[in-house]
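Listing of work.csv; format and content: CSV, C-alpha atoms.
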```csv
chain,number,residue,atom,x,y,z
T,201,MET,CA,204.5,227.1,-14.5
T,202,GLY,CA,202.0,229.7,-15.4
T,203,GLY,CA,202.2,231.6,-12.1
T,204,LEU,CA,202.9,235.0,-13.4
T,205,MET,CA,202.2,235.0,-17.1
T,206,GLY,CA,200.2,238.1,-17.9
T,207,ALA,CA,200.7,239.6,-14.5
T,208,VAL,CA,202.1,243.0,-13.8
T,209,VAL,CA,205.1,242.8,-11.5
T,210,ASN,CA,205.8,245.5,-8.9
T,211,VAL,CA,209.6,245.8,-8.4
T,212,GLY,CA,208.8,246.3,-4.7
T,213,GLU,CA,207.7,242.7,-4.5
T,214,LEU,CA,211.4,241.7,-4.9
T,215,ASN,CA,212.1,241.9,-1.2
T,216,GLN,CA,214.3,238.9,-0.5
T,217,ARG,CA,217.9,238.1,-1.5
T,218,VAL,CA,218.8,234.9,-3.3
T,219,THR,CA,222.3,233.9,-4.5
T,220,ILE,CA,222.6,232.2,-7.9
T,221,GLN,CA,225.3,229.6,-7.9
T,222,ARG,CA,226.9,227.4,-10.6
T,223,ARG,CA,229.0,224.3,-10.1
T,224,GLY,CA,232.7,224.6,-10.7
T,225,ALA,CA,234.4,223.1,-13.7
T,226,ASN,CA,235.9,220.0,-12.2
T,227,ASP,CA,234.5,216.8,-13.8
T,228,ASN,CA,234.1,213.4,-12.3
T,229,THR,CA,234.9,210.1,-14.1
T,230,LEU,CA,231.5,210.3,-15.8
T,231,GLY,CA,232.2,213.7,-17.2
T,232,GLU,CA,229.7,215.4,-14.8
T,233,ALA,CA,230.5,218.6,-13.1
T,234,ASP,CA,231.4,217.9,-9.5
T,235,GLY,CA,233.3,221.0,-8.4
T,236,ASP,CA,232.3,223.3,-5.6
T,237,TRP,CA,229.4,225.7,-6.0
T,238,ALA,CA,230.5,229.2,-6.9
T,239,ASP,CA,228.4,232.4,-6.5
T,240,VAL,CA,227.4,234.0,-9.8
T,241,ALA,CA,225.4,236.8,-8.3
T,242,THR,CA,223.2,237.8,-5.4
T,243,VAL,CA,219.9,239.3,-6.6
T,244,TRP,CA,216.6,240.6,-5.3
T,245,ALA,CA,213.8,238.2,-5.7
T,246,ARG,CA,210.3,237.3,-4.7
T,247,VAL,CA,210.3,233.8,-3.3
T,248,GLN,CA,206.9,232.1,-2.9
T,249,PRO,CA,206.5,228.7,-1.2
T,250,MET,CA,203.9,226.8,-3.2
T,251,ARG,CA,200.7,225.4,-1.8
T,252,ALA,CA,200.1,221.6,-2.2
T,253,ARG,CA,197.5,222.2,-5.0
T,254,ASP,CA,200.0,224.4,-6.9
T,255,GLN,CA,202.8,221.9,-6.4
T,256,PHE,CA,200.7,219.1,-7.9
T,257,ALA,CA,199.7,221.2,-10.9
T,258,ALA,CA,203.3,222.3,-11.6
T,259,GLY,CA,204.6,218.8,-11.1
T,260,GLN,CA,202.4,217.1,-13.6
T,261,ALA,CA,205.2,216.6,-16.0
T,262,GLY,CA,208.0,216.1,-13.5
T,263,ARG,CA,208.9,216.4,-9.8
T,264,LEU,CA,207.0,218.5,-7.4
T,265,MET,CA,208.2,222.1,-7.3
T,266,ASP,CA,207.7,223.6,-3.9
T,267,HIS,CA,209.0,227.2,-4.5
T,268,ARG,CA,208.4,229.8,-7.2
T,269,VAL,CA,211.1,232.5,-7.5
T,270,LEU,CA,210.8,235.7,-9.5
T,271,ILE,CA,213.9,237.7,-10.4
T,272,ARG,CA,214.9,240.3,-13.0
T,273,TYR,CA,215.6,238.7,-16.3
T,274,ARG,CA,219.1,237.2,-16.7
T,275,THR,CA,220.6,235.1,-19.4
T,276,ASP,CA,223.0,233.2,-17.2
T,277,VAL,CA,220.4,231.2,-15.1
T,278,ASP,CA,219.5,227.7,-16.2
T,279,GLY,CA,218.9,224.3,-14.9
T,280,ALA,CA,222.6,223.8,-14.2
T,281,CYS,CA,222.4,226.5,-11.6
T,282,ARG,CA,220.9,226.5,-8.1
T,283,LEU,CA,219.7,229.3,-5.8
T,284,VAL,CA,220.5,229.7,-2.2
T,285,TRP,CA,217.7,231.4,-0.1
T,286,LYS,CA,217.9,231.9,3.6
T,287,GLY,CA,221.0,229.6,3.7
T,288,ALA,CA,219.2,226.7,2.0
T,289,PRO,CA,219.7,225.4,-1.5
T,290,LEU,CA,216.9,225.6,-4.0
T,291,GLU,CA,217.4,223.2,-6.9
T,292,ILE,CA,216.1,224.8,-10.2
T,293,GLU,CA,213.6,222.5,-11.8
T,294,GLY,CA,213.6,222.8,-15.6
T,295,ASP,CA,214.4,225.9,-17.4
T,296,PRO,CA,213.5,229.3,-16.0
T,297,VAL,CA,210.7,231.0,-18.0
T,298,PRO,CA,210.7,234.6,-19.1
T,299,VAL,CA,207.5,236.2,-17.9
T,300,ASP,CA,205.2,236.9,-20.9
T,301,GLY,CA,208.1,235.9,-23.2
T,302,GLY,CA,209.9,239.2,-22.4
T,303,THR,CA,213.2,240.2,-21.1
T,304,GLU,CA,212.2,242.0,-17.9
T,305,TRP,CA,211.3,239.1,-15.4
T,306,LEU,CA,212.3,235.5,-15.0
T,307,GLU,CA,210.2,232.9,-13.2
T,308,ILE,CA,212.0,229.9,-11.7
T,309,GLY,CA,210.5,226.8,-10.3
T,310,ALA,CA,212.6,225.2,-7.6
T,311,ILE,CA,212.7,222.4,-5.1
T,312,LYS,CA,214.1,223.1,-1.6
T,313,GLY,CA,217.1,221.1,-0.5
T,314,ALA,CA,220.1,219.5,-2.1
T,315,ARG,CA,219.5,216.6,-4.3
T,316,ASP,CA,222.0,214.4,-6.3
T,317,GLY,CA,224.9,216.0,-4.4
T,318,ARG,CA,223.8,219.4,-5.5
```

Please render this file's structure as structure tokens.
Amino acid sequence: MGGLMGAVVNVGELNQRVTIQRRGANDNTLGEADGDWADVATVWARVQPMRARDQFAAGQAGRLMDHRVLIRYRTDVDGACRLVWKGAPLEIEGDPVPVDGGTEWLEIGAIKGARDGR
């Protein structure tokens, strides 16, 4: 994603609330999780809708991400989770990236809206 690598983050920039959710443990006939979404945590975040140019660059290897989310580092956030921001689901695209490889900040690329029943 490259949006924050090498950047100094001011904690005051985390001025919005997002809820991290994980799908429940029920499995369908294909062995895929299909339970209800359960809240893991509600955290402070910086949510940035991406400009079209940034969406294209970020989506070169996959789908077009339209939001970049920064939260404090957590180990329980991965591509199996989703975020809820302002009442709308944000599907996490790929794995979240620790900013500068550290354990202070986590950058998450996301796509607004529910996809594949998510």

The distance between atom CA of Ala225 of chain T and atom CA of Arg268 of chain T is 27.6 Å

Two-atom distance - atom CA of Thr303 of chain T, atom CA of Arg272 of chain T (Å):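 Taking atom CA of Thr303 of chain T as the start and atom CA of Arg272 of chain T as the end point, the length is 8.3 Å.
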
10 Å contact set for segment 210-214 of chain T, all atoms listed in the file, chain neighbours under 2 positions out, as number ranges by chain: T: 207-208, 216-217, 243-247, 269-272, 305

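When the distance limit is 8 Å and only C-alpha atoms are what count, the residues near Val284 of chain T, minus those fewer than 5 positions from it on the same chain, are Val218, Thr219, Ile220, Gln221, Pro289 and Leu290 of chain T.
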
Report, in Å to a single decimal, how far apart atom CA of Gly313 of chain T and atom CA of Val299 of chain T are.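 One can read the atom CA of Val299 of chain T to atom CA of Gly313 of chain T distance as 25.0 Å.
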
Show me as an MDAnalysis selection string the residues that reach within 8 Å of (212.7, 220.9, -17.8), counting all atoms listed in the file and using the file's own coordinates. chainID T and resid 262 279 293:295
